[in-house]
Each structure stands twice: as structure tokens, then as C-alpha cells.
Amino acid sequence: TAPAVETKPQYSLDTVPNMLSLRGKTIAITGGARGLGMAVAYAVVESGGHVACLDLLPAPSESEWAGLQKLCKPRNLTATYAKCDVTSEAEMEEVINAIEQNGIENGAPFYDMVACAGIQQKVPALDYNSQDFERILRVNVTGAFITAKWTARKLVEKRRPGSIVLIASMSGNIANRGLTCSAYNSSKSAVQQMCRSLAQEWGQYGIRINTLSPGYIRTDMTNQLLAAEPEVEKIWMAGALLGRLATPDEFKAPAIFLLSEGSSFMTGADLRVDGGHCASA
Ligand code: NDP
């Protein structure tokens with residue numbers, strides 16, 4: 001397929017808020033039923049984009065979904081939800097075809113994807129069984145690959161440039177104190193490296209792909225770990241130069257930046273948003 005050709009002016013006369021706008025686009029988010037994915041869904045709508053949330057759960061949390069719909073209404077935007085297991089090629093292909101169709105109907109083509117679905121399991125390496133290890137790799141790495149691949153295939157087919165954001169983790173850069181998890185850490189390093197590799201292949205099509213690597217955020221994922229070991233929270237907070245955990249809202253602007261024209265010359269990059277954790281590691 002012939003590469004998409006994008007001609008960019010050398011100097012943009014546009015304003016920064018316009019560069020960060022997602023107007024006229026549909027953006028999909030895996031793991032979009034809650035946590036970080038849901039926060040990014042709100043941010044997409046706040047930035048003028050239509051959003052398609054995908055997740056394993058049959059439905060998103062009612063109150064958060066109602067809030068998202070409320071945000072959409074006055075802006076004439078849509079938020080849709082579909083059940084999709086990121087480890088299934090068939091489900092991903094079908095869902096992306098449906099998002100493309102909806103995008104055309106809304107006059108807002110499908111351009112961008114945030115691969116946020118992920119799982120975590122804290123198990124000492126001596127007790128880790130290989131099936132559990134492989135399950136983490138399957139969802140976090142293969143799932144991110146399947147998500148990126150079917151997105152890129154659609155964009156190449158339509159000769160449309162786009163931006164793919166893979167949510168990795170600072171755990172891809174460091175072996176965290178208080179959260180030894182060999183499978184999770186391996187998976188997030190793999191996502192960062194896979195991103196660089198896909199960027200090499202897809203730059204010719206005008207498709208950008210970057211990782212966003214968060215530090216510790218208060219979500220169901222971390223709350224579960226902290227419920228089992230509350231003393232770990234102090235270690236996490238001490239590890240960040242800012243001395244605290246993040247809220248999901250603190251990832252809205254970094255995610256929108258990577259999706260938008262504001263980052264038009266970025267691909268194969270890792271944006272770490274970790275309160276300085278890795279700087280002190
Ligand atoms: P949550 O557990 O709150 O949300 C993750 C979502 O992904 C869940 O709704 C989950 O569904 C879904 N999911 C899991 N497996 C699949 C699958 N096979 N197909 C589709 N969806 C799936 O986690 P967070 O919001 O905290 O995390 C989001 C991302 O950010 C993850 O990739 C995580 O690794 C990463 N991250 C999180 C950090 C944190 O401190 N919270 C720090 C660094 C990175 P279900 O509940 O049904 O399993």
C-alpha cells in the first residue's frame with residue numbers, strides 16, 4: 001500500500017490550544033471502562049473528540065459513564081462502549097471496523113488509539129507459575145500489539161495518518177521497590193521496545209506510535225495491591241520526588257498531547273509521567 005503523504009508547513013501559525021484539539025476525530029481506548037482509560041476518555045471529549053471505549057467488562061461503571069455522556073451532550077459528541085478482549089484478533093478487527101463505520105457516520109473518522117488495557121499481579125518470582133506469567137505478557141504485550149496492529153491496518157487502508165499511544169509504565173524502566181513483579185516489569189519493558197520497533201515500520205505511513213509511562217496512580221489496580229499490603233504505599237510515595245501518588249486526571253493532558261498535532265514530530269518516544277520516580281532510581 002502506498003504510504004500516506006502528509007505535507008506540513010514548516011512553521012505552524014496555529015495556536016497551541018488548536019494544536020491540542022481532537023475536533024473531527026474519533027479516538028478509541030482499550031481498558032476504557034475505568035481507571036486511567038476512563039480518565040483519558042473524559043479528556044478526549046473535553047478536547048473535542050468522539051470516543052469509543054473498549055474493555056473486557058460487559059459495561060463501564062454507571063456513574064462514570066453517565067458523567068461522560070453528560071460531557072458529550074452539549075458538545076454534540078458521542079461516547080460509545082463495546083466489549084472487546086484485546087487478546088482476540090477477531091474481536092479487535094470487528095470492533096475497529098465498527099468504530100470506523102460510526103466515525104464515518106459522525107463525520108469524525110477514526111484516527112487514534114490509546115492502548116490502556118493491562119493487568120498486574122504481584123507474586124514473588126519463586127512462586128510464579130508460568131501460566132500466570134504468560135497471561136500477563138499475553139494481555140500487556142500481545143494485547144497492545146493486536147490493538148496497535150488493527151489500528152494501523154485500518155489507517156493504512158484508509159491512507160489516514162494517526163497516533164497510537166501505548167500505556168506502558170515506569171516499571172518498564174526500573175525494578176520497583178515494594179512491588180517486585182517480574183512478569184509485569186518484563187511486559188512493560190517489552191511494550192516500550194515494541195513501540196520503537198513499530199515506529200520504525202509505520203513512520204512511512206504517517207502513523208505515529210509512542211508510549212506513555214506512568215508512575216503510581218490511584219486506581220483499582222493499585223488500590224488492590226495496597227489493600228493487601230498497605231505499608232507499601234509509604235515506599236511508593238518516598239520513591240517519587242514529588243512524594244505522592246498520582247491521580248488519573250494527571251494523565252489527561254499528557255495523553256492528549258501524544259494524540260494531538262501538538263506532538264506531530266514525535267514517534268517511537270517514551271513520555272514518562274512518574275513524579276520523578278525514575279530520576280531518583
Ligand atoms: P485498571 O485495572 O483500573 O483498568 C484496567 C482495565 O483494563 C480494566 O477495566 C480491565 O478489565 C481492562 N482489561 C484487562 N484485561 C483486558 C483485556 N484482555 N481486554 C480488554 N480490557 C482488559 O488499571 P489502571 O487504569 O490502573 O491501568 C491502566 C493501564 O495503566 C494499564 O496498562 C496499567 O498497566 C498501566 N499503569 C497503571 C499504573 C497504576 O499505578 N495504576 C502505573 C503504570 C502503568 P477487567 O477489570 O475486566 O480486568
# chains A, B, ... in the order shown; residues from 1 in each chain; ligands from 1
>>> residues_near_ligand(ligand="ligand 1", cutoff="6 Å", atoms="only C-alpha atoms and all ligand atoms", output="mmCIF file with N, CA and C atoms, in the first residue's frame")
data_model
loop_
_atom_site.group_PDB
_atom_site.id
_atom_site.type_symbol
_atom_site.label_atom_id
_atom_site.label_comp_id
_atom_site.auth_asym_id
_atom_site.auth_seq_id
_atom_site.Cartn_x
_atom_site.Cartn_y
_atom_site.Cartn_z
ATOM 1 N N THR A 30 -8.664 1.227 24.694
ATOM 2 C CA THR A 30 -8.867 -0.086 25.325
ATOM 3 C C THR A 30 -8.672 0.091 26.834
ATOM 4 N N GLY A 31 -9.302 -0.783 27.610
ATOM 5 C CA GLY A 31 -9.257 -0.599 29.068
ATOM 6 C C GLY A 31 -10.024 0.660 29.446
ATOM 7 N N ALA A 33 -13.081 1.149 30.455
ATOM 8 C CA ALA A 33 -14.253 1.064 31.340
ATOM 9 C C ALA A 33 -14.027 1.762 32.673
ATOM 10 N N ARG A 34 -12.761 1.978 33.006
ATOM 11 C CA ARG A 34 -12.486 2.571 34.324
ATOM 12 C C ARG A 34 -11.041 3.039 34.398
ATOM 13 N N GLY A 35 -10.652 3.531 35.576
ATOM 14 C CA GLY A 35 -9.260 3.899 35.841
ATOM 15 C C GLY A 35 -8.716 4.912 34.851
ATOM 16 N N LEU A 36 -7.478 4.673 34.463
ATOM 17 C CA LEU A 36 -6.781 5.589 33.565
ATOM 18 C C LEU A 36 -7.509 5.719 32.224
ATOM 19 N N GLY A 37 -8.010 4.593 31.698
ATOM 20 C CA GLY A 37 -8.697 4.610 30.406
ATOM 21 C C GLY A 37 -9.914 5.527 30.443
ATOM 22 N N ASP A 55 -13.464 -2.568 26.442
ATOM 23 C CA ASP A 55 -12.966 -3.211 27.663
ATOM 24 C C ASP A 55 -13.529 -4.625 27.760
ATOM 25 N N LEU A 56 -12.925 -5.393 28.638
ATOM 26 C CA LEU A 56 -13.410 -6.762 28.908
ATOM 27 C C LEU A 56 -14.762 -6.759 29.607
ATOM 28 N N LEU A 57 -14.963 -5.755 30.446
ATOM 29 C CA LEU A 57 -16.199 -5.718 31.240
ATOM 30 C C LEU A 57 -17.402 -5.535 30.322
ATOM 31 N N CYS A 84 -14.598 -5.824 24.343
ATOM 32 C CA CYS A 84 -13.557 -6.328 23.432
ATOM 33 C C CYS A 84 -12.364 -6.811 24.246
ATOM 34 N N ASP A 85 -11.995 -8.058 24.021
ATOM 35 C CA ASP A 85 -10.811 -8.620 24.670
ATOM 36 C C ASP A 85 -9.610 -8.312 23.773
ATOM 37 N N VAL A 86 -8.647 -7.570 24.304
ATOM 38 C CA VAL A 86 -7.517 -7.151 23.453
ATOM 39 C C VAL A 86 -6.648 -8.323 23.002
ATOM 40 N N THR A 87 -6.833 -9.475 23.605
ATOM 41 C CA THR A 87 -6.023 -10.624 23.180
ATOM 42 C C THR A 87 -6.672 -11.378 22.013
ATOM 43 N N CYS A 116 -4.751 0.996 26.639
ATOM 44 C CA CYS A 116 -4.636 1.186 28.094
ATOM 45 C C CYS A 116 -4.911 -0.114 28.858
ATOM 46 N N ALA A 117 -5.499 -1.099 28.193
ATOM 47 C CA ALA A 117 -5.843 -2.345 28.903
ATOM 48 C C ALA A 117 -4.571 -2.977 29.458
ATOM 49 N N GLY A 118 -4.637 -3.404 30.691
ATOM 50 C CA GLY A 118 -3.454 -4.028 31.289
ATOM 51 C C GLY A 118 -3.824 -4.745 32.565
ATOM 52 N N ILE A 119 -2.998 -5.696 32.932
ATOM 53 C CA ILE A 119 -3.219 -6.414 34.196
ATOM 54 C C ILE A 119 -1.914 -6.483 34.983
ATOM 55 N N VAL A 139 -1.761 -10.321 27.830
ATOM 56 C CA VAL A 139 -2.630 -9.127 27.850
ATOM 57 C C VAL A 139 -1.801 -7.862 27.606
ATOM 58 N N ILE A 167 0.015 2.557 26.638
ATOM 59 C CA ILE A 167 0.296 2.862 28.047
ATOM 60 C C ILE A 167 1.249 1.788 28.558
ATOM 61 N N ALA A 168 2.487 2.195 28.808
ATOM 62 C CA ALA A 168 3.483 1.271 29.371
ATOM 63 C C ALA A 168 3.500 1.514 30.876
ATOM 64 N N SER A 169 4.664 1.756 31.449
ATOM 65 C CA SER A 169 4.771 2.037 32.884
ATOM 66 C C SER A 169 6.226 2.369 33.192
ATOM 67 N N PRO A 214 3.412 5.775 33.021
ATOM 68 C CA PRO A 214 3.052 6.393 34.302
ATOM 69 C C PRO A 214 3.836 5.821 35.481
ATOM 70 N N GLY A 215 3.932 6.656 36.519
ATOM 71 C CA GLY A 215 4.342 6.170 37.840
ATOM 72 C C GLY A 215 3.099 5.646 38.551
ATOM 73 N N TYR A 216 3.158 5.553 39.879
ATOM 74 C CA TYR A 216 2.000 5.000 40.605
ATOM 75 C C TYR A 216 0.805 5.958 40.577
ATOM 76 N N ILE A 217 -0.350 5.388 40.230
ATOM 77 C CA ILE A 217 -1.592 6.168 40.156
ATOM 78 C C ILE A 217 -2.612 5.501 41.070
ATOM 79 N N ARG A 218 -3.448 6.304 41.684
ATOM 80 C CA ARG A 218 -4.517 5.700 42.485
ATOM 81 C C ARG A 218 -5.652 5.232 41.569
ATOM 82 N N THR A 219 -5.697 3.938 41.304
ATOM 83 C CA THR A 219 -6.793 3.334 40.529
ATOM 84 C C THR A 219 -7.133 2.006 41.199
ATOM 85 N N ASP A 220 -8.107 1.298 40.634
ATOM 86 C CA ASP A 220 -8.475 -0.020 41.196
ATOM 87 C C ASP A 220 -7.261 -0.942 41.229
ATOM 88 N N MET A 221 -6.391 -0.814 40.185
ATOM 89 C CA MET A 221 -5.222 -1.701 40.099
ATOM 90 C C MET A 221 -4.318 -1.529 41.317
ATOM 91 N N THR A 222 -3.985 -0.286 41.643
ATOM 92 C CA THR A 222 -3.082 -0.062 42.783
ATOM 93 C C THR A 222 -3.824 -0.221 44.111
#
>>> select_by_dssp(residues="stretch 75-215 of chain A", states="helix (DSSP H, G or I)", output="count of residues only")
76
>>> atom_distance(atom1="atom CA of A:Val273", atom2="atom CA of A:Phe251")
7.6 Å
>>> residues_around(residues="A:Leu71", least_positions_apart="2", cutoff="12 Å", atoms="only C-alpha atoms", output="JSON, numbers by chain")
{"A": [41, 42, 43, 44, 45, 46, 47, 48, 49, 50, 51, 64, 65, 66, 67, 68, 69, 73, 74, 75, 76, 77, 78, 79]}
>>> atom_distance(atom1="atom CA of A:Gly239", atom2="atom CA of A:His277")
5.5 Å
>>> residues_around(residues="A:Ile99", least_positions_apart="2", cutoff="9 Å", atoms="only C-alpha atoms", output="number ranges by chain")
A: 26-28, 52, 80, 94-97, 101-104, 109-110
>>> atom_distance(atom1="atom CA of A:Asn223", atom2="atom CA of A:Met113")
26.2 Å
>>> closest_residue(among="A:Arg23, A:Glu93, A:Leu225, A:Ala183", to="A:Asn140", atoms="only C-alpha atoms")
A:Ala183
>>> select_by_dssp(residues="stretch 77-172 of chain A", states="strand (DSSP E or B)", output="list in words")
Ala79, Thr80, Tyr81, Ala82, Lys83, Phe110, Tyr111, Asp112, Met113, Val114, Ala115, Gly162, Ser163, Ile164, Val165, Leu166 and Ile167 of chain A
>>> write_last_selection(atoms="N, CA and C atoms", output="tab-separated table (two decimals), in the first residue's frame")
chain	number	residue	atom	x	y	z
A	79	ALA	N	-19.97	9.12	22.84
A	79	ALA	CA	-19.11	8.17	23.56
A	79	ALA	C	-19.81	6.82	23.42
A	80	THR	N	-19.10	5.85	22.83
A	80	THR	CA	-19.69	4.52	22.68
A	80	THR	C	-18.87	3.53	23.50
A	81	TYR	N	-19.51	2.40	23.79
A	81	TYR	CA	-18.82	1.38	24.57
A	81	TYR	C	-19.00	0.03	23.89
A	82	ALA	N	-17.92	-0.74	23.79
A	82	ALA	CA	-18.04	-2.11	23.25
A	82	ALA	C	-17.16	-3.04	24.07
A	83	LYS	N	-17.67	-4.24	24.28
A	83	LYS	CA	-16.87	-5.27	24.95
A	83	LYS	C	-15.86	-5.80	23.95
A	110	PHE	N	-12.02	7.68	12.32
A	110	PHE	CA	-11.20	7.04	13.35
A	110	PHE	C	-9.72	7.31	13.04
A	111	TYR	N	-9.05	8.02	13.94
A	111	TYR	CA	-7.64	8.37	13.73
A	111	TYR	C	-6.70	7.75	14.75
A	112	ASP	N	-7.18	7.67	15.99
A	112	ASP	CA	-6.20	7.45	17.07
A	112	ASP	C	-6.65	6.37	18.05
A	113	MET	N	-5.68	5.77	18.69
A	113	MET	CA	-5.96	4.69	19.65
A	113	MET	C	-5.10	4.87	20.90
A	114	VAL	N	-5.70	4.63	22.05
A	114	VAL	CA	-4.93	4.55	23.30
A	114	VAL	C	-5.06	3.12	23.82
A	115	ALA	N	-3.94	2.41	23.89
A	115	ALA	CA	-3.96	1.02	24.38
A	115	ALA	C	-3.67	1.03	25.87
A	162	GLY	N	-2.28	8.85	11.79
A	162	GLY	CA	-2.93	8.72	13.10
A	162	GLY	C	-1.88	8.59	14.19
A	163	SER	N	-2.38	8.57	15.41
A	163	SER	CA	-1.47	8.46	16.56
A	163	SER	C	-1.92	7.31	17.45
A	164	ILE	N	-0.97	6.48	17.81
A	164	ILE	CA	-1.25	5.36	18.71
A	164	ILE	C	-0.44	5.58	19.98
A	165	VAL	N	-1.11	5.50	21.11
A	165	VAL	CA	-0.43	5.67	22.39
A	165	VAL	C	-0.54	4.37	23.16
A	166	LEU	N	0.60	3.77	23.47
A	166	LEU	CA	0.59	2.54	24.27
A	166	LEU	C	0.89	2.94	25.71
A	167	ILE	N	0.01	2.56	26.64
A	167	ILE	CA	0.30	2.86	28.05
A	167	ILE	C	1.25	1.79	28.56
>>> closest_residue(among="A:Gly24, A:Gly32, A:Pro124, A:Gly276", to="A:Ala238", atoms="only C-alpha atoms")
A:Gly276
>>> closest_residue(among="A:Val232, A:Ile174, A:Met266, A:Ala152", to="A:Ser186", atoms="only C-alpha atoms")
A:Ile174
>>> decode(residues="stretch 82-159 of chain A", atoms="C-alpha atoms", output="mmCIF file, in the first residue's frame")
data_model
loop_
_atom_site.group_PDB
_atom_site.id
_atom_site.type_symbol
_atom_site.label_atom_id
_atom_site.label_comp_id
_atom_site.auth_asym_id
_atom_site.auth_seq_id
_atom_site.Cartn_x
_atom_site.Cartn_y
_atom_site.Cartn_z
ATOM 1 C CA ALA A 82 -18.038 -2.109 23.252
ATOM 2 C CA LYS A 83 -16.872 -5.266 24.954
ATOM 3 C CA CYS A 84 -13.557 -6.328 23.432
ATOM 4 C CA ASP A 85 -10.811 -8.620 24.670
ATOM 5 C CA VAL A 86 -7.517 -7.151 23.453
ATOM 6 C CA THR A 87 -6.023 -10.624 23.180
ATOM 7 C CA SER A 88 -8.533 -11.601 20.487
ATOM 8 C CA GLU A 89 -7.573 -10.679 16.916
ATOM 9 C CA ALA A 90 -11.114 -11.402 15.713
ATOM 10 C CA GLU A 91 -12.803 -9.202 18.337
ATOM 11 C CA MET A 92 -10.355 -6.356 17.740
ATOM 12 C CA GLU A 93 -10.806 -6.458 13.967
ATOM 13 C CA GLU A 94 -14.598 -6.452 14.300
ATOM 14 C CA VAL A 95 -14.671 -3.627 16.824
ATOM 15 C CA ILE A 96 -12.317 -1.441 14.773
ATOM 16 C CA ASN A 97 -14.476 -1.924 11.683
ATOM 17 C CA ALA A 98 -17.500 -0.823 13.724
ATOM 18 C CA ILE A 99 -15.644 2.231 15.086
ATOM 19 C CA GLU A 100 -14.596 3.176 11.539
ATOM 20 C CA GLN A 101 -18.221 2.920 10.367
ATOM 21 C CA ASN A 102 -19.515 5.025 13.289
ATOM 22 C CA GLY A 103 -16.761 7.557 12.695
ATOM 23 C CA ILE A 104 -17.845 7.999 9.077
ATOM 24 C CA GLU A 105 -21.485 8.409 10.164
ATOM 25 C CA ASN A 106 -20.468 11.048 12.731
ATOM 26 C CA GLY A 107 -18.248 12.898 10.240
ATOM 27 C CA ALA A 108 -15.321 12.179 12.575
ATOM 28 C CA PRO A 109 -13.051 9.486 11.138
ATOM 29 C CA PHE A 110 -11.204 7.035 13.349
ATOM 30 C CA TYR A 111 -7.644 8.367 13.728
ATOM 31 C CA ASP A 112 -6.203 7.450 17.066
ATOM 32 C CA MET A 113 -5.957 4.688 19.646
ATOM 33 C CA VAL A 114 -4.925 4.552 23.300
ATOM 34 C CA ALA A 115 -3.962 1.019 24.378
ATOM 35 C CA CYS A 116 -4.636 1.186 28.094
ATOM 36 C CA ALA A 117 -5.843 -2.345 28.903
ATOM 37 C CA GLY A 118 -3.454 -4.028 31.289
ATOM 38 C CA ILE A 119 -3.219 -6.414 34.196
ATOM 39 C CA GLN A 120 -0.955 -6.718 37.197
ATOM 40 C CA GLN A 121 -0.230 -9.482 39.638
ATOM 41 C CA LYS A 122 2.233 -9.270 42.447
ATOM 42 C CA VAL A 123 3.806 -12.661 43.005
ATOM 43 C CA PRO A 124 7.333 -13.442 44.234
ATOM 44 C CA ALA A 125 9.331 -14.942 41.351
ATOM 45 C CA LEU A 126 9.957 -18.195 43.235
ATOM 46 C CA ASP A 127 6.212 -18.784 43.397
ATOM 47 C CA TYR A 128 5.299 -17.581 39.918
ATOM 48 C CA ASN A 129 3.841 -20.267 37.715
ATOM 49 C CA SER A 130 4.498 -19.945 34.031
ATOM 50 C CA GLN A 131 0.800 -19.825 33.051
ATOM 51 C CA ASP A 132 0.264 -16.698 35.185
ATOM 52 C CA PHE A 133 3.484 -15.186 33.857
ATOM 53 C CA GLU A 134 2.363 -15.784 30.288
ATOM 54 C CA ARG A 135 -1.114 -14.380 30.976
ATOM 55 C CA ILE A 136 0.434 -11.037 31.967
ATOM 56 C CA LEU A 137 2.563 -10.997 28.819
ATOM 57 C CA ARG A 138 -0.428 -12.011 26.699
ATOM 58 C CA VAL A 139 -2.630 -9.127 27.850
ATOM 59 C CA ASN A 140 0.013 -6.428 28.321
ATOM 60 C CA VAL A 141 2.272 -7.119 25.326
ATOM 61 C CA THR A 142 0.395 -9.227 22.784
ATOM 62 C CA GLY A 143 -2.817 -7.315 23.567
ATOM 63 C CA ALA A 144 -1.059 -3.974 22.935
ATOM 64 C CA PHE A 145 0.358 -5.400 19.700
ATOM 65 C CA ILE A 146 -3.045 -6.627 18.485
ATOM 66 C CA THR A 147 -4.568 -3.246 19.338
ATOM 67 C CA ALA A 148 -1.829 -1.321 17.516
ATOM 68 C CA LYS A 149 -1.788 -3.671 14.525
ATOM 69 C CA TRP A 150 -5.521 -3.497 13.758
ATOM 70 C CA THR A 151 -5.498 0.266 14.266
ATOM 71 C CA ALA A 152 -2.553 0.692 11.893
ATOM 72 C CA ARG A 153 -4.093 -1.651 9.308
ATOM 73 C CA LYS A 154 -7.241 0.464 9.214
ATOM 74 C CA LEU A 155 -5.258 3.711 8.964
ATOM 75 C CA VAL A 156 -3.049 2.354 6.170
ATOM 76 C CA GLU A 157 -6.122 1.038 4.310
ATOM 77 C CA LYS A 158 -7.729 4.497 4.516
ATOM 78 C CA ARG A 159 -4.430 6.318 3.830
#
